[in-house]
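Here's entry.txt, which has compact mmCIF, C-alpha atoms:
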```txt
# COMPACT_ATOMS: atom_id res chain seq x y z
CA MET A 920 14.15 8.95 -1.29
CA GLY A 921 17.47 10.49 -0.45
CA LYS A 922 20.67 8.77 -1.20
CA VAL A 923 22.99 8.44 1.78
CA VAL A 924 26.44 9.66 0.92
CA LEU A 925 29.32 8.97 3.26
CA TYR A 926 31.95 11.63 3.53
CA VAL A 927 35.00 10.58 5.53
CA MET A 928 37.51 13.31 6.06
CA LEU A 929 40.66 13.27 8.15
CA SER A 930 41.65 16.75 9.15
CA SER A 931 42.87 18.72 12.12
CA ILE A 932 41.27 22.05 12.74
CA PHE A 933 43.03 24.48 15.00
CA VAL A 934 41.28 27.29 16.70
CA PHE A 935 42.45 30.78 17.76
CA ALA A 936 42.65 31.40 21.48
CA HIS A 937 39.91 33.73 22.47
CA ASN A 938 39.26 35.62 25.65
CA ILE A 939 36.02 34.68 27.33
CA LEU A 940 34.08 37.54 28.82
CA GLY A 941 32.86 37.28 32.38
CA SER A 942 29.52 35.86 33.36
CA ARG A 943 27.81 39.22 33.05
CA VAL A 944 24.21 38.83 31.91
CA TYR A 945 23.02 41.48 29.48
CA SER A 946 19.46 42.65 29.85
CA VAL A 947 17.81 42.58 26.45
CA ASN A 948 15.28 45.18 25.50
CA GLN A 949 12.76 43.08 23.60
CA GLU A 950 11.02 46.17 22.24
CA LYS A 951 14.29 47.35 20.72
CA LEU A 952 14.89 43.95 19.15
CA ASP A 953 11.41 43.94 17.71
CA ARG A 954 11.93 47.38 16.19
CA ALA A 955 15.45 46.73 14.94
CA SER A 956 16.09 47.11 11.25
CA LEU A 957 18.52 44.68 9.65
CA GLY A 958 20.85 47.51 8.71
CA ASP A 959 20.77 49.49 11.95
CA ASP A 960 20.20 48.18 15.46
CA VAL A 961 20.99 44.54 14.75
CA ASP A 962 24.43 45.56 13.57
CA GLY A 963 24.88 46.90 17.09
CA LEU A 964 24.41 43.40 18.46
CA THR A 965 27.74 42.17 17.10
CA SER A 966 29.96 40.66 19.78
CA PRO A 967 33.70 40.14 20.18
CA ASN A 968 32.90 36.94 22.08
CA VAL A 969 32.57 34.68 19.05
CA ASP A 970 33.96 31.15 18.99
CA PRO A 971 36.11 30.45 15.89
CA PHE A 972 35.60 26.70 16.17
CA LEU A 973 32.01 27.08 14.95
CA TYR A 974 33.27 29.08 11.98
CA MET A 975 35.79 26.34 11.20
CA ILE A 976 33.13 23.61 11.31
CA MET A 977 30.72 25.58 9.14
CA ASN A 978 33.31 26.41 6.51
CA ARG A 979 35.28 23.15 6.77
CA SER A 980 38.50 25.14 6.69
CA ASP A 981 41.90 23.56 6.95
CA ALA A 982 43.52 25.02 10.03
CA VAL A 983 43.98 28.04 12.21
CA GLN A 984 46.69 28.09 14.83
CA ARG A 985 45.86 28.62 18.49
CA SER A 986 48.15 31.24 19.98
CA ASN A 987 48.77 29.29 23.21
CA ASP A 988 49.32 25.93 21.52
CA THR A 989 50.49 23.16 23.81
CA ASP A 990 50.17 19.88 21.94
CA GLY A 991 53.13 18.73 19.86
CA GLY A 992 53.81 22.04 18.18
CA GLY A 993 50.48 23.54 19.01
CA ALA A 994 47.79 21.30 17.54
CA VAL A 995 44.47 20.91 19.32
CA PRO A 996 42.48 19.09 16.61
CA LEU A 997 38.72 19.22 16.32
CA PHE A 998 36.74 16.10 15.40
CA VAL A 999 33.10 15.98 14.32
CA ALA A 1000 30.69 13.07 13.80
CA ALA A 1001 27.52 14.39 12.17
CA GLN A 1002 24.31 13.79 10.27
CA ILE A 1003 23.37 16.71 8.01
CA MET A 1004 20.01 17.34 6.36
CA ASP A 1005 19.44 19.74 3.46
CA SER A 1006 16.10 21.02 2.19
CA GLN A 1007 14.65 24.15 0.65
CA SER A 1008 12.53 24.66 3.76
CA PHE A 1009 12.97 23.70 7.42
CA TYR A 1010 10.88 25.29 10.17
CA GLY A 1011 12.04 23.34 13.23
CA ILE A 1012 13.34 20.17 14.82
CA GLU A 1013 12.91 18.13 17.99
CA VAL A 1014 15.61 15.71 19.14
CA THR A 1015 16.49 13.81 22.31
CA SER A 1016 20.10 13.52 23.46
CA ASP A 1017 21.57 11.57 26.34
CA MET A 1018 24.00 13.72 28.34
CA TYR A 1019 27.42 12.80 29.71
CA GLY A 1020 30.06 14.24 31.98
CA PHE A 1021 33.83 13.82 31.98
CA SER A 1022 37.01 15.52 33.05
CA ILE A 1023 38.99 17.10 30.22
CA ASP A 1024 41.93 19.48 29.91
CA GLN A 1025 41.52 23.25 30.10
CA ASP A 1026 42.03 23.72 26.36
CA GLU A 1027 39.70 20.89 25.28
CA LYS A 1028 35.94 20.79 24.75
CA SER A 1029 33.35 18.13 23.96
CA GLY A 1030 29.60 17.99 23.48
CA VAL A 1031 26.56 17.81 21.22
CA ILE A 1032 25.23 20.44 18.83
CA VAL A 1033 21.81 20.88 17.22
CA GLN A 1034 22.32 23.47 14.50
CA ILE A 1035 19.65 25.18 12.36
CA ASN A 1036 21.07 27.15 9.44
CA ASN A 1037 20.09 29.12 6.42
CA ARG A 1038 23.08 28.98 4.11
CA GLY A 1039 21.55 31.18 1.42
CA TYR A 1040 21.30 30.00 -2.15
CA ASN A 1041 24.79 30.40 -3.59
CA PRO A 1042 28.37 29.57 -2.49
CA PHE A 1043 29.00 33.18 -1.44
CA SER A 1044 25.95 33.52 0.82
CA ILE A 1045 26.30 34.46 4.48
CA VAL A 1046 25.12 31.78 6.91
CA ASN A 1047 22.49 32.56 9.55
CA GLY A 1048 22.49 30.00 12.34
CA ILE A 1049 21.02 28.89 15.66
CA VAL A 1050 22.93 26.45 17.87
CA VAL A 1051 21.68 24.64 20.98
CA GLY A 1052 23.26 21.75 22.82
CA TRP A 1053 25.23 20.56 25.81
CA HIS A 1054 28.98 20.63 26.28
CA VAL A 1055 31.95 20.47 28.62
CA ASP A 1056 34.08 23.56 27.99
CA PRO A 1057 36.59 24.50 30.72
CA ARG A 1058 37.75 27.62 28.83
CA LEU A 1059 34.22 29.02 28.76
CA TYR A 1060 33.03 28.16 32.27
CA GLY A 1061 36.18 27.59 34.30
CA ASP A 1062 35.13 24.05 35.19
CA SER A 1063 34.90 20.58 33.68
CA LYS A 1064 31.15 20.19 34.21
CA THR A 1065 28.39 19.64 31.67
CA HIS A 1066 26.43 22.74 30.64
CA PHE A 1067 23.39 23.49 28.50
CA PHE A 1068 24.19 26.24 25.98
CA VAL A 1069 22.90 28.32 23.07
CA TYR A 1070 24.65 30.31 20.32
CA TRP A 1071 23.59 32.30 17.24
CA THR A 1072 25.05 34.11 14.23
CA ARG A 1073 23.92 36.06 11.20
CA ASP A 1074 27.31 36.27 9.44
CA SER A 1075 28.71 32.72 9.29
CA TYR A 1076 30.11 32.89 12.86
CA ARG A 1077 32.54 35.66 11.94
CA THR A 1078 31.62 38.60 14.20
CA THR A 1079 28.01 38.28 15.38
CA GLY A 1080 26.61 36.11 18.11
CA CYS A 1081 27.87 34.65 21.36
CA TYR A 1082 27.37 31.89 23.87
CA ASN A 1083 24.38 32.02 26.18
CA LEU A 1084 23.69 35.54 27.52
CA LYS A 1085 27.12 37.04 26.94
CA CYS A 1086 25.69 39.47 24.39
CA PRO A 1087 22.20 40.64 23.41
CA GLY A 1088 20.36 38.22 21.15
CA TYR A 1089 18.81 35.15 22.73
CA VAL A 1090 15.88 36.19 24.95
CA PRO A 1091 15.03 33.91 27.91
CA GLU A 1092 11.55 33.56 29.32
CA ASP A 1093 11.00 34.64 32.92
CA ASN A 1094 11.80 32.17 35.71
CA VAL A 1095 13.10 29.36 33.48
CA THR A 1096 16.35 27.51 32.83
CA PHE A 1097 19.02 29.91 31.61
CA PRO A 1098 21.64 28.86 29.06
CA GLY A 1099 25.00 28.12 30.63
CA VAL A 1100 23.42 26.28 33.57
CA THR A 1101 25.28 23.26 34.95
CA ILE A 1102 23.73 19.85 34.28
CA ASP A 1103 24.47 17.72 37.35
CA SER A 1104 22.47 14.59 36.43
CA VAL A 1105 24.29 12.95 33.52
CA SER A 1106 24.24 9.47 31.98
CA ASP A 1107 26.29 6.46 33.03
CA PRO A 1108 27.46 4.43 30.00
CA ASP A 1109 26.98 1.31 32.13
CA GLY A 1110 23.71 2.37 33.70
CA VAL A 1111 20.92 4.95 33.63
CA LYS A 1112 20.69 7.40 30.73
CA ARG A 1113 19.73 10.98 31.49
CA THR A 1114 18.30 12.88 28.54
CA ILE A 1115 17.68 16.39 27.33
CA ILE A 1116 15.06 17.20 24.66
CA PHE A 1117 15.69 20.15 22.35
CA LYS A 1118 12.77 21.55 20.40
CA VAL A 1119 13.38 24.59 18.21
CA PHE A 1120 10.81 25.88 15.74
CA LYS A 1121 9.71 29.04 13.99
CA GLU A 1122 6.57 30.57 15.48
CA SER A 1123 4.10 31.52 12.77
CA THR A 1124 2.75 34.68 14.45
CA THR A 1125 5.94 36.49 15.50
CA GLY A 1126 8.43 34.75 13.22
CA ASP A 1127 10.72 34.19 16.22
CA TRP A 1128 12.50 30.88 16.68
CA LEU A 1129 11.25 29.40 19.96
CA LEU A 1130 13.35 27.10 22.14
CA HIS A 1131 11.70 24.41 24.25
CA LEU A 1132 13.80 22.27 26.60
CA GLY A 1133 13.14 19.22 28.74
CA PHE A 1134 15.45 17.47 31.21
CA ASP A 1135 14.14 13.89 31.43
CA SER A 1136 10.73 15.42 30.70
CA GLU A 1137 8.54 16.94 28.03
CA PRO A 1138 10.05 20.15 26.65
CA TYR A 1139 8.68 23.54 27.71
CA LEU A 1140 9.29 27.07 26.43
CA ILE A 1141 12.44 28.65 27.87
CA GLY A 1142 13.36 31.35 25.35
CA ARG A 1143 13.52 32.66 21.81
CA PHE A 1144 15.81 33.89 19.08
CA PRO A 1145 13.99 36.98 17.72
CA LYS A 1146 13.34 37.12 14.00
CA THR A 1147 15.06 40.51 13.91
CA LEU A 1148 18.43 38.92 14.72
CA PHE A 1149 18.60 37.35 11.28
CA THR A 1150 18.47 38.00 7.56
CA THR A 1151 17.80 34.73 5.68
CA LEU A 1152 16.88 32.76 8.81
CA SER A 1153 14.10 35.25 9.52
CA ASP A 1154 12.19 33.38 6.81
CA LYS A 1155 13.14 29.71 7.15
CA ALA A 1156 16.10 27.31 7.43
CA ASN A 1157 17.55 25.14 4.68
CA GLU A 1158 20.01 22.99 6.65
CA ILE A 1159 19.96 21.10 9.95
CA ARG A 1160 23.06 19.56 11.48
CA LEU A 1161 23.16 17.12 14.39
CA TYR A 1162 26.59 16.20 15.67
CA GLY A 1163 28.93 15.27 18.41
CA PHE A 1164 32.20 17.15 18.56
CA VAL A 1165 35.43 17.12 20.51
CA GLU A 1166 38.44 19.39 20.50
CA THR A 1167 41.24 17.27 21.96
CA HIS A 1168 44.93 16.51 22.15
CA THR A 1169 45.78 13.53 19.96
CA THR A 1170 48.23 12.21 22.55
CA HIS A 1171 45.28 11.43 24.82
CA LEU A 1172 41.92 11.59 23.09
CA ALA A 1173 39.07 13.09 25.10
CA PRO A 1174 35.64 11.43 25.02
CA MET A 1175 32.92 12.35 22.56
CA GLY A 1176 29.44 11.40 23.80
CA SER A 1177 29.73 8.42 26.15
CA GLY A 1178 33.31 7.84 25.03
CA PHE A 1179 32.48 4.80 22.89
CA LEU A 1180 32.43 4.44 19.10
CA SER A 1181 29.03 4.34 17.40
CA ASN A 1182 29.02 0.54 16.92
CA ASN A 1183 29.36 -0.09 20.66
CA LYS A 1184 26.17 -0.80 22.63
CA LYS A 1185 27.34 1.84 25.13
CA ALA A 1186 27.53 4.57 22.46
CA ALA A 1187 25.73 7.87 22.95
CA SER A 1188 22.67 8.59 20.84
CA LEU A 1189 20.48 11.26 19.33
CA SER A 1190 16.97 9.84 19.14
CA ASN A 1191 13.33 10.58 18.32
CA ILE A 1192 14.46 13.06 15.66
CA GLN A 1193 11.45 14.93 14.29
CA LEU A 1194 11.19 17.69 11.71
CA ILE A 1195 8.59 20.41 12.33
CA ASP A 1196 6.77 21.94 9.38
CA GLN A 1197 5.41 25.44 8.79
CA ASN A 1198 2.15 24.50 10.54
CA GLY A 1199 3.90 23.19 13.63
CA GLN A 1200 3.31 19.54 12.77
CA ALA A 1201 6.11 17.08 13.55
CA SER A 1202 7.17 14.09 11.46
CA LYS A 1203 9.82 11.56 12.41
CA VAL A 1204 13.11 11.46 10.53
CA THR A 1205 13.86 7.96 9.20
CA GLU A 1206 16.49 6.23 7.11
CA HIS A 1207 14.59 7.46 4.04
CA THR A 1208 14.97 11.15 4.93
CA PRO A 1209 17.58 12.79 2.67
CA TYR A 1210 20.75 13.31 4.71
CA TYR A 1211 24.46 12.73 4.56
CA THR A 1212 27.05 11.61 7.07
CA TYR A 1213 30.16 13.61 7.92
CA MET A 1214 33.11 12.30 9.92
CA MET A 1215 36.63 13.63 10.24
CA ASP A 1216 38.23 10.35 11.34
CA GLN A 1217 35.90 7.37 11.78
CA ALA A 1218 38.63 5.29 13.44
CA LYS A 1219 38.67 7.76 16.34
CA TYR A 1220 35.13 9.16 16.40
CA SER A 1221 32.26 7.67 14.40
CA VAL A 1222 28.54 8.01 13.69
CA SER A 1223 25.97 5.43 12.62
CA PRO A 1224 23.29 5.81 9.93
CA ILE A 1225 19.86 7.06 11.01
CA SER A 1226 17.64 4.12 11.93
CA PRO A 1227 13.98 3.54 10.96
CA GLU A 1228 13.13 4.76 14.48
CA GLY A 1229 14.81 8.12 13.90
CA THR A 1230 17.92 7.43 16.00
CA PHE A 1231 21.65 7.37 15.43
CA THR A 1232 24.63 6.67 17.67
CA TYR A 1233 27.94 8.48 17.74
CA GLY A 1234 31.09 8.93 19.78
CA GLY A 1235 34.55 7.62 20.54
CA PRO A 1236 37.36 6.85 20.89
CA LEU A 1237 36.80 3.62 22.87
CA GLU A 1238 35.82 0.50 20.95
```

Show how you would write the structure in this file as structure tokens.
Amino acid sequence: MGKVVLYVMLSSIFVFAHNILGSRVYSVNQEKLDRASLGDDVDGLTSPNVDPFLYMIMNRSDAVQRSNDTDGGGAVPLFVAAQIMDSQSFYGIEVTSDMYGFSIDQDEKSGVIVQINNRGYNPFSIVNGIVVGWHVDPRLYGDSKTHFFVYWTRDSYRTTGCYNLKCPGYVPEDNVTFPGVTIDSVSDPDGVKRTIIFKVFKESTTGDWLLHLGFDSEPYLIGRFPKTLFTTLSDKANEIRLYGFVETHTTHLAPMGSGFLSNNKKAASLSNIQLIDQNGQASKVTEHTPYYTYMMDQAKYSVSPISPEGTFTYGGPLE
């Protein structure tokens, strides 16, 4: 039985301004990806459109200054409320998230991330990662609407990977929901909850990581992260992170989740969390699953323990 360890950290993480490429969709040659060697073609998939905030979260760095800082000397802090699971072998996860919408400033962002990583086996290893989730990100989309998104990396979010289809990598199925799409039906903290189910697992035959998605419905296949994108993650994962995040001015805190702290009955939730094994069998995460809690400032944004039903709540800053 895993011991639950509570890490409470107060820090402000600043992110470099980065230019977002246009909404050009790259056509991906699946045959090329399948043939790619780790030293040759995949290196050609590196993208300038990386998001430093993911690098900062992964490496828990102190601070990087944004070049167009606007908040009291330039700070746009990032807050995270997370549950993190470590194991020698992960092959997939399924989780249900309620979705929310809100108006935030142009240089803020807020959302939910499901992150599957292979961190290697020593402190100097390079992280391979898959990210799926929903977010509000005016810098990325030019609006304050809620969007479904994906991201990937094979070098700790330094130079490889991108959001959605802004570079070759993630391969969508034909005639399905594309990452970056606007989610119009969102939850009301005082009323109906609208949910999205993320299911990501490693297919045994191809070795690709398949993404299934369901909006208020059972998830269905919408795309894949080819095995050839990765080094260590081509085999398996050894870390899964589930978290809410917000990058916000401290003078007026933006909402995370529903906008309410985790102990409020209106708090947002991640529920029906299930781990998927090498044979494709799912088992529910419970309070006995080894995990640890990570918060940057629990007075502003908090997260609850995982319940026996495989659910936890998170959010803020409202009490």

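Of the residues listed (A:Ala1201, A:Ile1159, A:Val969, A:Val1222), A:Val1222 shows the shortest atom-to-atom separation from A:Ala1186; distances use all atoms listed in the file.
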
Two-atom distance - atom CA of A:Leu1194, atom CA of A:Thr1079 (Å): 26.8 Å

Separation of atom CA of A:Thr1125 from atom CA of A:Leu1152, in Å and rounded to one decimal: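 Those two atoms sit 13.4 Å apart.
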
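Taking atom CA of A:His1054 and atom CA of A:Pro1224 as endpoints, the distance between them is 22.8 Å.
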
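Of the residues listed (A:Pro1227, A:Gly1126, A:Gly1178, A:Pro996), A:Gly1126 shows the shortest atom-to-atom separation from A:Tyr1010; distances use all atoms listed in the file.
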